[in-house]
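The next block is upload_16.cif, given as mmCIF, C-alpha atoms and all ligand atoms.
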data_data
#
loop_
_atom_site.label_atom_id
_atom_site.label_comp_id
_atom_site.auth_asym_id
_atom_site.auth_seq_id
_atom_site.Cartn_x
_atom_site.Cartn_y
_atom_site.Cartn_z
CA MET A 156 109.21 37.73 182.48
CA LYS A 157 110.48 37.21 178.93
CA GLN A 158 107.62 36.72 176.51
CA LEU A 159 107.62 33.84 174.02
CA LYS A 160 107.91 35.38 170.55
CA VAL A 161 105.50 33.52 168.25
CA MET A 162 105.30 34.41 164.56
CA THR A 163 102.37 33.12 162.52
CA ILE A 164 103.01 32.94 158.78
CA PHE A 165 100.18 32.42 156.28
CA GLY A 166 99.05 33.64 152.89
CA THR A 167 95.78 32.21 151.58
CA ARG A 168 92.09 32.30 152.52
CA PRO A 169 91.85 28.88 154.22
CA GLU A 170 95.01 29.40 156.26
CA ALA A 171 93.74 32.81 157.39
CA ILE A 172 90.37 31.37 158.47
CA LYS A 173 92.03 28.59 160.45
CA MET A 174 94.81 30.75 161.95
CA ALA A 175 92.48 33.63 162.90
CA PRO A 176 91.07 32.16 166.15
CA LEU A 177 94.58 31.11 167.18
CA ILE A 178 96.00 34.60 166.50
CA LYS A 179 93.22 36.24 168.55
CA LYS A 180 94.14 34.00 171.47
CA LEU A 181 97.89 34.52 171.00
CA GLU A 182 97.29 38.29 171.08
CA ALA A 183 95.35 37.99 174.33
CA GLU A 184 98.00 35.86 176.09
CA LYS A 185 100.31 37.99 178.26
CA ALA A 186 103.17 35.49 178.21
CA ILE A 187 103.29 35.62 174.40
CA GLU A 188 104.36 38.28 171.93
CA SER A 189 102.34 37.60 168.78
CA ILE A 190 103.75 38.67 165.42
CA VAL A 191 101.75 38.14 162.24
CA CYS A 192 103.42 37.85 158.85
CA VAL A 193 101.31 37.36 155.72
CA THR A 194 102.88 36.41 152.41
CA ALA A 195 99.70 37.52 150.59
CA GLN A 196 99.89 34.52 148.27
CA HIS A 197 96.20 35.52 148.01
CA ARG A 198 95.24 39.18 148.20
CA GLU A 199 91.50 39.99 148.16
CA MET A 200 90.52 36.55 149.49
CA LEU A 201 93.03 36.92 152.33
CA ASP A 202 92.09 40.50 153.16
CA MET A 203 88.40 39.54 153.49
CA VAL A 204 89.35 37.22 156.36
CA LEU A 205 91.79 39.66 157.97
CA ASP A 206 89.03 42.31 158.00
CA LEU A 207 86.41 39.95 159.41
CA PHE A 208 88.61 38.89 162.34
CA ASP A 209 90.24 42.33 162.70
CA ILE A 210 93.80 41.07 162.25
CA LYS A 211 96.44 43.63 161.29
CA PRO A 212 99.60 41.94 160.00
CA ASP A 213 102.94 43.23 161.28
CA TYR A 214 104.59 42.16 158.01
CA ASP A 215 102.98 41.83 154.59
CA LEU A 216 105.10 40.47 151.74
CA ASN A 217 102.33 41.43 149.27
CA LEU A 218 103.43 38.70 146.83
CA MET A 219 100.31 37.86 144.82
CA LYS A 220 100.63 38.17 141.07
CA HIS A 221 97.81 37.25 138.69
CA GLY A 222 98.31 33.83 137.17
CA GLN A 223 101.27 33.09 139.46
CA THR A 224 102.94 29.67 139.29
CA ILE A 225 103.92 27.47 142.23
CA SER A 226 107.57 28.39 141.58
CA ASP A 227 106.74 32.11 141.71
CA ILE A 228 105.23 31.63 145.16
CA THR A 229 108.06 29.40 146.39
CA VAL A 230 110.83 31.77 145.35
CA GLY A 231 109.03 34.93 146.51
CA VAL A 232 108.09 33.57 149.93
CA LEU A 233 111.56 32.13 150.61
CA LYS A 234 113.37 35.34 149.77
CA GLY A 235 110.80 37.61 151.46
CA LEU A 236 110.77 35.67 154.71
CA GLU A 237 114.55 35.55 155.05
CA GLU A 238 114.70 39.26 155.79
CA VAL A 239 111.67 39.26 158.14
CA LEU A 240 112.91 36.27 160.16
CA LYS A 241 116.41 37.70 160.52
CA LYS A 242 114.94 40.95 161.82
CA VAL A 243 112.28 39.55 164.18
CA LYS A 244 114.10 36.40 165.39
CA PRO A 245 110.95 34.65 166.74
CA ASP A 246 111.29 31.76 169.20
CA VAL A 247 108.80 29.76 167.17
CA VAL A 248 107.12 30.07 163.79
CA LEU A 249 103.64 28.64 163.20
CA VAL A 250 102.55 27.59 159.71
CA HIS A 251 99.27 26.03 158.68
CA GLY A 252 98.33 23.04 156.56
CA ASP A 253 99.59 22.39 153.07
CA THR A 254 99.87 25.51 150.91
CA SER A 255 103.10 26.61 149.30
CA THR A 256 103.26 29.43 151.86
CA ALA A 257 103.18 26.81 154.63
CA PHE A 258 105.93 24.68 153.10
CA VAL A 259 108.23 27.59 152.28
CA GLY A 260 107.46 29.29 155.61
CA ALA A 261 108.69 26.18 157.41
CA LEU A 262 111.76 25.97 155.16
CA ALA A 263 112.65 29.65 155.69
CA ALA A 264 112.36 29.20 159.48
CA PHE A 265 114.53 26.08 159.34
CA TYR A 266 117.21 28.02 157.44
CA GLN A 267 117.28 30.51 160.35
CA GLN A 268 117.27 27.56 162.84
CA ILE A 269 113.94 28.68 164.29
CA LYS A 270 111.52 26.10 165.70
CA VAL A 271 108.49 25.35 163.54
CA GLY A 272 105.01 24.44 164.78
CA HIS A 273 102.72 22.86 162.17
CA VAL A 274 99.03 23.57 162.71
CA GLU A 275 96.77 20.99 160.98
CA ALA A 276 99.52 18.39 160.78
CA GLY A 277 99.33 14.77 159.67
CA LEU A 278 96.76 14.83 156.87
CA ARG A 279 97.64 12.37 154.10
CA SER A 280 95.93 11.27 150.89
CA GLY A 281 98.65 8.75 150.05
CA ASN A 282 99.14 10.14 146.52
CA ILE A 283 101.79 12.84 146.07
CA TYR A 284 100.03 14.18 142.97
CA SER A 285 96.59 14.51 144.56
CA PRO A 286 95.96 16.99 145.99
CA TYR A 287 98.74 18.67 144.02
CA PRO A 288 100.98 20.19 145.28
CA GLU A 289 99.41 20.05 148.77
CA GLU A 290 100.17 16.38 149.59
CA MET A 291 103.88 16.99 148.99
CA ASN A 292 103.77 20.34 150.82
CA ARG A 293 102.30 18.73 153.93
CA ARG A 294 104.86 15.92 153.89
CA LEU A 295 107.68 18.44 153.56
CA VAL A 296 106.33 20.53 156.44
CA SER A 297 106.16 17.38 158.59
CA THR A 298 109.86 16.83 157.93
CA LEU A 299 110.76 20.43 158.78
CA ALA A 300 108.53 20.93 161.85
CA ASN A 301 109.42 20.40 165.53
CA LEU A 302 105.86 20.52 166.88
CA HIS A 303 102.95 18.87 165.09
CA PHE A 304 99.39 19.91 166.02
CA ALA A 305 97.27 17.06 164.67
CA PRO A 306 93.49 17.59 164.41
CA THR A 307 92.54 13.90 164.85
CA LYS A 308 93.86 10.53 166.06
CA GLY A 309 94.06 9.44 162.42
CA ASN A 310 96.35 12.39 161.68
CA TYR A 311 98.47 11.42 164.71
CA ASN A 312 98.83 7.88 163.33
CA ASN A 313 99.85 9.22 159.91
CA LEU A 314 102.62 11.25 161.53
CA ILE A 315 103.86 8.26 163.52
CA ASN A 316 103.91 6.24 160.28
CA SER A 317 105.93 9.05 158.65
CA GLY A 318 108.60 8.69 161.36
CA VAL A 319 107.68 11.69 163.55
CA SER A 320 108.43 11.16 167.28
CA ALA A 321 105.33 10.71 169.43
CA ASN A 322 106.53 13.36 171.91
CA GLU A 323 106.41 16.02 169.19
CA ILE A 324 102.76 15.32 168.23
CA PHE A 325 99.73 16.80 169.99
CA ILE A 326 96.10 16.02 169.15
CA THR A 327 94.30 19.35 169.35
CA GLY A 328 91.24 19.24 167.07
CA ASN A 329 91.06 21.55 164.08
CA THR A 330 91.01 25.32 164.59
CA VAL A 331 88.49 25.54 161.72
CA ILE A 332 85.78 24.58 164.21
CA ASP A 333 86.93 27.39 166.54
CA ALA A 334 86.40 29.81 163.62
CA LEU A 335 83.09 28.31 162.53
CA LEU A 336 81.52 28.55 165.98
CA GLN A 337 82.34 32.26 166.06
CA VAL A 338 80.47 33.14 162.86
CA VAL A 339 77.42 30.86 162.43
CA LYS A 340 74.05 32.09 163.72
CA ASP A 341 70.62 30.57 163.06
CA ASP A 342 68.98 33.99 162.52
CA TYR A 343 71.80 35.26 160.28
CA LEU A 344 70.84 37.89 157.68
CA PHE A 345 73.09 37.90 154.59
CA GLN A 346 74.85 41.07 153.42
CA ASN A 347 74.61 39.74 149.85
CA ASP A 348 70.92 40.22 149.07
CA LEU A 349 70.82 37.44 146.47
CA LEU A 350 71.36 34.99 149.32
CA ASN A 351 68.40 36.43 151.26
CA GLN A 352 66.17 36.10 148.20
CA ILE A 353 66.74 32.39 147.53
CA ASP A 354 63.66 30.31 148.36
CA TYR A 355 65.32 27.83 150.75
CA GLU A 356 61.92 26.39 151.81
CA ASN A 357 60.61 25.36 148.40
CA LYS A 358 63.70 24.94 146.26
CA LYS A 359 66.49 22.37 146.51
CA VAL A 360 69.49 24.60 147.03
CA ILE A 361 73.05 23.48 146.35
CA ALA A 362 76.17 25.39 147.42
CA MET A 363 79.26 24.53 145.44
CA THR A 364 83.00 25.35 145.30
CA CYS A 365 85.71 23.94 143.06
CA HIS A 366 89.30 25.07 142.66
CA ARG A 367 91.89 22.29 143.07
CA ARG A 368 94.77 22.25 140.63
CA GLU A 369 94.50 18.49 139.96
CA ASN A 370 90.93 19.16 138.75
CA TRP A 371 91.97 21.78 136.19
CA GLY A 372 91.14 20.75 132.60
CA THR A 373 89.01 17.69 131.85
CA PRO A 374 87.90 16.88 135.44
CA MET A 375 86.69 20.44 136.05
CA LYS A 376 84.89 20.51 132.67
CA SER A 377 83.08 17.28 133.62
CA ILE A 378 82.14 18.65 137.06
CA PHE A 379 80.76 21.92 135.67
CA THR A 380 78.90 20.13 132.85
CA ALA A 381 77.34 17.68 135.31
CA VAL A 382 76.04 20.52 137.48
CA ARG A 383 74.71 22.41 134.47
CA LYS A 384 72.84 19.30 133.28
CA ILE A 385 71.33 18.76 136.75
CA VAL A 386 70.01 22.33 136.83
CA GLU A 387 68.73 22.16 133.25
CA SER A 388 66.74 19.02 134.01
CA ASN A 389 65.42 20.02 137.49
CA SER A 390 63.55 23.32 137.57
CA ASN A 391 63.37 23.31 141.39
CA VAL A 392 67.18 23.26 141.84
CA GLU A 393 69.26 26.40 142.44
CA VAL A 394 73.05 26.36 142.61
CA ILE A 395 75.09 29.03 144.36
CA PHE A 396 78.72 28.94 143.27
CA PRO A 397 81.07 31.60 144.68
CA VAL A 398 83.82 31.17 142.13
CA HIS A 399 87.46 31.17 143.29
CA MET A 400 89.37 34.20 141.91
CA ASN A 401 91.89 32.05 140.09
CA PRO A 402 91.48 33.12 136.43
CA THR A 403 91.63 29.51 135.18
CA ILE A 404 88.52 28.70 137.19
CA GLN A 405 86.69 31.98 136.53
CA THR A 406 87.03 31.46 132.76
CA LEU A 407 85.87 27.83 132.73
CA ALA A 408 82.97 28.45 135.11
CA GLN A 409 81.68 31.29 132.91
CA GLU A 410 82.14 29.23 129.76
CA ILE A 411 80.17 26.20 130.98
CA MET A 412 77.85 27.52 133.68
CA GLY A 413 77.42 31.20 132.80
CA ASN A 414 73.92 32.34 131.74
CA VAL A 415 72.11 29.23 132.97
CA ASP A 416 68.86 29.94 134.84
CA GLY A 417 69.18 28.54 138.35
CA ILE A 418 73.00 28.80 138.52
CA HIS A 419 74.34 31.82 140.40
CA LEU A 420 78.04 32.37 139.70
CA ILE A 421 79.10 34.95 142.27
CA GLN A 422 82.30 36.45 143.67
CA PRO A 423 83.95 34.66 146.64
CA LEU A 424 81.87 35.28 149.75
CA GLU A 425 83.10 36.62 153.03
CA TYR A 426 83.68 33.74 155.42
CA GLU A 427 80.74 34.68 157.63
CA GLU A 428 78.44 34.68 154.57
CA PHE A 429 79.69 31.35 153.23
CA ALA A 430 79.54 29.59 156.60
CA ASN A 431 75.95 30.72 157.13
CA LEU A 432 75.07 29.71 153.56
CA MET A 433 76.23 26.16 154.33
CA ASN A 434 73.82 26.20 157.26
CA LYS A 435 70.87 26.97 154.93
CA VAL A 436 71.37 24.86 151.79
CA ASP A 437 70.32 21.24 151.13
CA ILE A 438 73.47 19.84 149.53
CA ILE A 439 77.13 20.90 149.30
CA LEU A 440 79.38 20.04 146.34
CA THR A 441 83.07 20.77 146.84
CA ASP A 442 86.68 19.84 146.22
CA SER A 443 87.81 22.12 149.07
CA GLY A 444 89.60 20.74 152.09
CA GLY A 445 88.24 23.14 154.70
CA ILE A 446 84.63 22.72 153.62
CA GLN A 447 84.88 18.96 154.16
CA GLU A 448 85.68 19.75 157.79
CA GLU A 449 83.06 22.44 158.31
CA ALA A 450 80.00 21.12 156.49
CA PRO A 451 79.56 17.91 158.57
CA ALA A 452 78.82 20.12 161.58
CA PHE A 453 75.67 21.35 159.77
CA GLY A 454 74.38 17.86 158.95
CA LYS A 455 74.28 18.60 155.21
CA PRO A 456 75.26 15.89 152.70
CA ILE A 457 78.56 16.72 151.04
CA LEU A 458 79.66 15.26 147.72
CA VAL A 459 83.42 15.59 147.29
CA LEU A 460 84.46 16.29 143.71
CA ARG A 461 87.74 14.40 143.92
CA THR A 462 89.01 10.85 143.59
CA GLU A 463 90.32 10.62 147.18
CA THR A 464 90.36 12.56 150.43
CA GLU A 465 92.85 13.14 153.22
CA ARG A 466 89.87 13.76 155.51
CA PRO A 467 88.31 10.29 155.94
CA GLU A 468 86.66 10.97 159.31
CA ALA A 469 83.39 12.41 157.96
CA VAL A 470 83.31 9.82 155.14
CA GLU A 471 83.39 7.10 157.80
CA ALA A 472 80.53 8.85 159.59
CA GLY A 473 78.48 8.82 156.34
CA THR A 474 78.02 12.58 155.84
CA VAL A 475 80.69 13.00 153.18
CA LYS A 476 80.87 10.94 149.99
CA VAL A 477 83.79 11.03 147.56
CA VAL A 478 82.13 10.93 144.13
CA GLY A 479 85.08 11.41 141.77
CA VAL A 480 85.24 13.64 138.72
CA GLN A 481 83.30 11.69 136.07
CA GLU A 482 80.29 13.57 134.71
CA ASP A 483 77.87 10.59 134.74
CA ASN A 484 78.68 9.61 138.28
CA ILE A 485 78.35 13.15 139.62
CA ILE A 486 74.94 13.47 137.94
CA LYS A 487 73.85 10.11 139.40
CA GLU A 488 74.95 11.04 142.94
CA ILE A 489 73.31 14.48 142.90
CA ASP A 490 70.12 13.01 141.41
CA ARG A 491 70.00 10.44 144.19
CA LEU A 492 70.20 13.10 146.89
CA LEU A 493 67.54 15.18 145.13
CA ASN A 494 65.05 12.36 144.58
CA ASP A 495 65.67 9.63 147.15
CA LYS A 496 64.57 10.83 150.60
CA VAL A 497 66.10 7.86 152.39
CA ALA A 498 69.47 8.36 150.69
CA TYR A 499 69.33 12.05 151.68
CA GLU A 500 68.38 11.42 155.31
CA THR A 501 71.09 8.75 155.64
CA MET A 502 73.76 11.32 154.76
CA ALA A 503 72.22 14.26 156.64
CA ASN A 504 73.93 13.59 159.99
CA ALA A 505 75.29 16.42 162.06
CA ILE A 506 78.68 15.20 163.26
CA ASN A 507 81.84 16.92 164.29
CA PRO A 508 84.94 14.75 164.12
CA TYR A 509 87.22 17.76 163.66
CA GLY A 510 87.06 19.40 167.03
CA ASP A 511 85.13 21.08 169.82
CA GLY A 512 86.13 24.70 169.17
CA LYS A 513 89.04 24.59 171.66
CA ALA A 514 91.95 23.70 169.38
CA SER A 515 93.52 27.16 169.62
CA GLU A 516 93.45 27.06 173.43
CA ARG A 517 95.20 23.69 173.40
CA ILE A 518 97.91 24.86 170.99
CA ILE A 519 98.68 27.87 173.17
CA GLU A 520 98.89 25.74 176.30
CA ILE A 521 101.39 23.47 174.55
CA LEU A 522 103.47 26.44 173.39
CA LEU A 523 103.57 27.86 176.92
CA ASN A 524 104.70 24.51 178.34
CA LEU A 525 107.59 24.19 175.91
C1 LIG B 601 96.07 28.16 146.81
C2 LIG B 601 96.85 27.00 147.40
C3 LIG B 601 95.92 25.83 147.69
C4 LIG B 601 94.72 26.27 148.54
C5 LIG B 601 94.04 27.45 147.85
C6 LIG B 601 92.91 27.94 148.71
C7 LIG B 601 99.17 26.52 146.70
C8 LIG B 601 100.06 26.04 145.61
N1 LIG B 601 97.86 26.54 146.43
O1 LIG B 601 95.61 27.78 145.52
O2 LIG B 601 96.63 24.84 148.40
O3 LIG B 601 93.82 25.21 148.65
O4 LIG B 601 94.99 28.50 147.67
O5 LIG B 601 92.07 28.80 148.00
O6 LIG B 601 99.65 26.92 147.74
N2 LIG B 601 93.69 35.20 143.01
C9 LIG B 601 93.23 36.51 143.08
N3 LIG B 601 92.91 37.02 144.31
C10 LIG B 601 93.00 36.30 145.45
C11 LIG B 601 93.44 34.96 145.37
C12 LIG B 601 93.79 34.43 144.14
O7 LIG B 601 93.12 37.20 142.07
O8 LIG B 601 92.70 36.83 146.52
C13 LIG B 601 94.07 34.64 141.68
C14 LIG B 601 95.42 35.23 141.19
O9 LIG B 601 95.37 35.36 139.80
C15 LIG B 601 96.42 34.13 141.59
C16 LIG B 601 95.58 32.89 141.34
O10 LIG B 601 94.26 33.24 141.80
O11 LIG B 601 97.60 34.15 140.80
C17 LIG B 601 96.05 31.64 142.00
O12 LIG B 601 96.34 31.79 143.38
P1 LIG B 601 97.32 30.70 144.09
O13 LIG B 601 97.45 31.02 145.53
O14 LIG B 601 98.58 30.54 143.29
O15 LIG B 601 96.58 29.33 143.90
P2 LIG B 601 95.18 28.82 144.41
O16 LIG B 601 94.62 28.04 143.28
O17 LIG B 601 94.41 29.92 144.99
N1 LIG B 602 84.96 30.00 151.91
C1 LIG B 602 84.69 31.37 152.01
N2 LIG B 602 84.07 32.00 150.96
C2 LIG B 602 83.72 31.32 149.83
C3 LIG B 602 84.02 29.93 149.73
C4 LIG B 602 84.66 29.31 150.79
O1 LIG B 602 84.98 32.00 153.02
O2 LIG B 602 83.16 31.94 148.92
C5 LIG B 602 85.67 29.34 153.04
C6 LIG B 602 85.14 27.98 153.46
O3 LIG B 602 84.11 28.09 154.41
C7 LIG B 602 86.40 27.32 154.02
C8 LIG B 602 87.53 27.92 153.21
O4 LIG B 602 86.98 29.10 152.61
O5 LIG B 602 86.62 27.71 155.38
C9 LIG B 602 88.01 26.97 152.16
O6 LIG B 602 88.94 27.60 151.37
P1 LIG B 602 89.37 27.07 149.95
O7 LIG B 602 88.28 26.25 149.36
O8 LIG B 602 89.85 28.26 149.21
O9 LIG B 602 90.66 26.20 150.25
P2 LIG B 602 90.90 24.70 150.77
O10 LIG B 602 90.11 24.49 152.00
O11 LIG B 602 90.52 23.79 149.65
O12 LIG B 602 92.37 24.68 151.00
#
Can the structure from this file be put into structure tokens for me?
Ligand code: UD1
Ligand code: UDP
Amino acid sequence: MKQLKVMTIFGTRPEAIKMAPLIKKLEAEKAIESIVCVTAQHREMLDMVLDLFDIKPDYDLNLMKHGQTISDITVGVLKGLEEVLKKVKPDVVLVHGDTSTAFVGALAAFYQQIKVGHVEAGLRSGNIYSPYPEEMNRRLVSTLANLHFAPTKGNYNNLINSGVSANEIFITGNTVIDALLQVVKDDYLFQNDLLNQIDYENKKVIAMTCHRRENWGTPMKSIFTAVRKIVESNSNVEVIFPVHMNPTIQTLAQEIMGNVDGIHLIQPLEYEEFANLMNKVDIILTDSGGIQEEAPAFGKPILVLRTETERPEAVEAGTVKVVGVQEDNIIKEIDRLLNDKVAYETMANAINPYGDGKASERIIEILLNL
């Protein structure tokens, strides 16, 4: 029997985390030949995930340059993939989400007239400049793709409203939950000893991440200043901030939050470490997309450091609140969670609108029934 040749293309940390469970299942499926191509838009942050899930790419474009621009990525990925796709000739290419690797991966496959499956399809913020450039990337992938794997009914509706045919859309849940269920354990012992030493019982512990391009500059300064002020005025608060490796963010985080007692600026954590940290802390502050999907499963209040979200499901359930990027408002919202027990308990709901851990299985079934 001829195997279905499926090539997964990805390049950054979040895509790797969300593609990993799918790749493990593709590799185990006899009717499928799985080929993995990484662009390495990220390097260290990608490799940490590849190591954790024991994924060995067949092709590695090794593109990351320090301080790269969106155009650098676009040009490099398009040119690099042309050669790989011509050589491998997959039956279908799978891309994930909304990075520039995802958009250009879909475009490169289209140029070779190869079918494109879009994992995590149909998310929309409604503003093409926020998140930037992700909202445009995801719209472009929707136009290029032939199969759309939508995590939720809301994502399905967005695709229908964008003119995608109903018979090309499949509601699968989000593969991020498949990944999360594999790594979180209640008795988890951290490899990073700092995380074992934090007094989770007696302190109010906040985990935070922040990296989005539309937050660079004034918004990010306001966010970092707000968190610094919270820690300076509450001696029982500790903040753990694994800082994204992007130099723009590293520099600003050090400038505003470096050398403050109670703020731990650390290197990006391995996925297993970060997921288990979310399970232990009291509050999560983030502008990340993936964390908005993962954290609700732990029942921890999440304040989203953005002006909108393309992930409204957990907001509707009350666990996630979009608090914007104004310093005063961020301080007010964190203060409320620290000091108002009722406000905290109201947000601390464990919910899981993003899936049941079986999204990868569903995607493979759909591919095999093509
Ligand atoms: C990218 C994606 C964004 C995604 C994010 C996840 C685009 C345009 N942006 O943004 O959608 O949410 O990844 O984290 O696709 N760097 C390292 N080592 C690494 C990774 C990054 O040193 O392992 C540094 C490099 O200097 C690199 C810079 O970070 O040039 C920026 O990386 P890039 O992928 O361009 O942008 P992100 O902000 O990470
Ligand atoms: N994450 C991680 N280590 C960290 C911080 C985050 O493994 O130090 C994980 C997190 O659990 C989530 C993903 O990285 O699964 C989010 O990636 P990122 O914030 O880079 O991108 P986004 O989701 O915003 O696209």
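Compared by their closest atoms to Asn507 of chain A, and using all atoms listed in the file, the residues A:Asn347, A:Thr373, A:Thr307, A:Gln352 rank with A:Thr307 nearest.
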Using all atoms listed in the file, find each protein or nucleic acid residue lying at most 8 Å from ligand LIG 601 (chain B); present the set as a PyMOL selection string. chain A and resi 166-170+196-202+219-225+228+253-257+287-289+366-368+399-402+443-444
Residues within 10 Å of ligand LIG 602 (chain B) (only C-alpha atoms and all ligand atoms), as number ranges by chain? A: 167-173, 197, 200-201, 203-204, 252-254, 286, 289, 331-332, 334-335, 362-367, 395-400, 421-433, 441-450
Output C-alpha atoms for every residue in the selection just made, as a short mmCIF file (atom, residue, chain, number, x, y, z; two decimals), in the frame of the given file.
data_model
loop_
_atom_site.label_atom_id
_atom_site.label_comp_id
_atom_site.auth_asym_id
_atom_site.auth_seq_id
_atom_site.Cartn_x
_atom_site.Cartn_y
_atom_site.Cartn_z
CA THR A 167 95.78 32.21 151.58
CA ARG A 168 92.09 32.30 152.52
CA PRO A 169 91.85 28.88 154.22
CA GLU A 170 95.01 29.40 156.26
CA ALA A 171 93.74 32.81 157.39
CA ILE A 172 90.37 31.37 158.47
CA LYS A 173 92.03 28.59 160.45
CA HIS A 197 96.20 35.52 148.01
CA MET A 200 90.52 36.55 149.49
CA LEU A 201 93.03 36.92 152.33
CA MET A 203 88.40 39.54 153.49
CA VAL A 204 89.35 37.22 156.36
CA GLY A 252 98.33 23.04 156.56
CA ASP A 253 99.59 22.39 153.07
CA THR A 254 99.87 25.51 150.91
CA PRO A 286 95.96 16.99 145.99
CA GLU A 289 99.41 20.05 148.77
CA VAL A 331 88.49 25.54 161.72
CA ILE A 332 85.78 24.58 164.21
CA ALA A 334 86.40 29.81 163.62
CA LEU A 335 83.09 28.31 162.53
CA ALA A 362 76.17 25.39 147.42
CA MET A 363 79.26 24.53 145.44
CA THR A 364 83.00 25.35 145.30
CA CYS A 365 85.71 23.94 143.06
CA HIS A 366 89.30 25.07 142.66
CA ARG A 367 91.89 22.29 143.07
CA ILE A 395 75.09 29.03 144.36
CA PHE A 396 78.72 28.94 143.27
CA PRO A 397 81.07 31.60 144.68
CA VAL A 398 83.82 31.17 142.13
CA HIS A 399 87.46 31.17 143.29
CA MET A 400 89.37 34.20 141.91
CA ILE A 421 79.10 34.95 142.27
CA GLN A 422 82.30 36.45 143.67
CA PRO A 423 83.95 34.66 146.64
CA LEU A 424 81.87 35.28 149.75
CA GLU A 425 83.10 36.62 153.03
CA TYR A 426 83.68 33.74 155.42
CA GLU A 427 80.74 34.68 157.63
CA GLU A 428 78.44 34.68 154.57
CA PHE A 429 79.69 31.35 153.23
CA ALA A 430 79.54 29.59 156.60
CA ASN A 431 75.95 30.72 157.13
CA LEU A 432 75.07 29.71 153.56
CA MET A 433 76.23 26.16 154.33
CA THR A 441 83.07 20.77 146.84
CA ASP A 442 86.68 19.84 146.22
CA SER A 443 87.81 22.12 149.07
CA GLY A 444 89.60 20.74 152.09
CA GLY A 445 88.24 23.14 154.70
CA ILE A 446 84.63 22.72 153.62
CA GLN A 447 84.88 18.96 154.16
CA GLU A 448 85.68 19.75 157.79
CA GLU A 449 83.06 22.44 158.31
CA ALA A 450 80.00 21.12 156.49
#
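Taking atom CA of Asp206 of chain A as the reference point, atom CA of Val232 of chain A is found at 22.5 Å.
We find atom CA of Asp341 of chain A and atom CA of Val470 of chain A to be spaced 25.6 Å apart.
Take atom CA of Val480 of chain A and atom CA of Ser285 of chain A: the distance between them is 12.8 Å.
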Fewer than 3 positions away in the same chain doesn't count, so skip those; otherwise give me all residues within 6 Å of Gly479 of chain A, counting all atoms listed in the file, as JSON, numbers by chain. {"A": [460, 461, 462]}
Selected residue of minimal separation from Tyr355 of chain A among A:Asn434, A:Gln405, A:Ser377, A:Thr501, counting all atoms listed in the file: A:Asn434
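Among the candidate residues A:Leu302, A:Ala503, A:Ala381, A:Ile411, the one lying nearest to His273 of chain A is A:Leu302, with distances computed using all atoms listed in the file.
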Listing only residues of segment 234-301 of chain A within 10 Å of segment 321-328 of chain A, what is the closest atom pair and its distance in Å (to one decimal) for each, using only C-alpha atoms, sorted by chain and residue number ascending, as CSV?
residue,atom,partner,partner_atom,distance
A:Gly272,CA,A:Glu323,CA,9.6
A:His273,CA,A:Ile324,CA,9.7
A:Val274,CA,A:Thr327,CA,9.2
A:Glu275,CA,A:Gly328,CA,8.4
A:Ala276,CA,A:Ile324,CA,8.7
A:Gly277,CA,A:Ile324,CA,9.2
A:Ala300,CA,A:Glu323,CA,9.1
A:Asn301,CA,A:Glu323,CA,6.5
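Minimum atom-to-atom distance to Gly318 of chain A, evaluated using only C-alpha atoms, belongs to A:Thr298 out of A:Thr298, A:Leu336, A:Leu181, A:Pro467.
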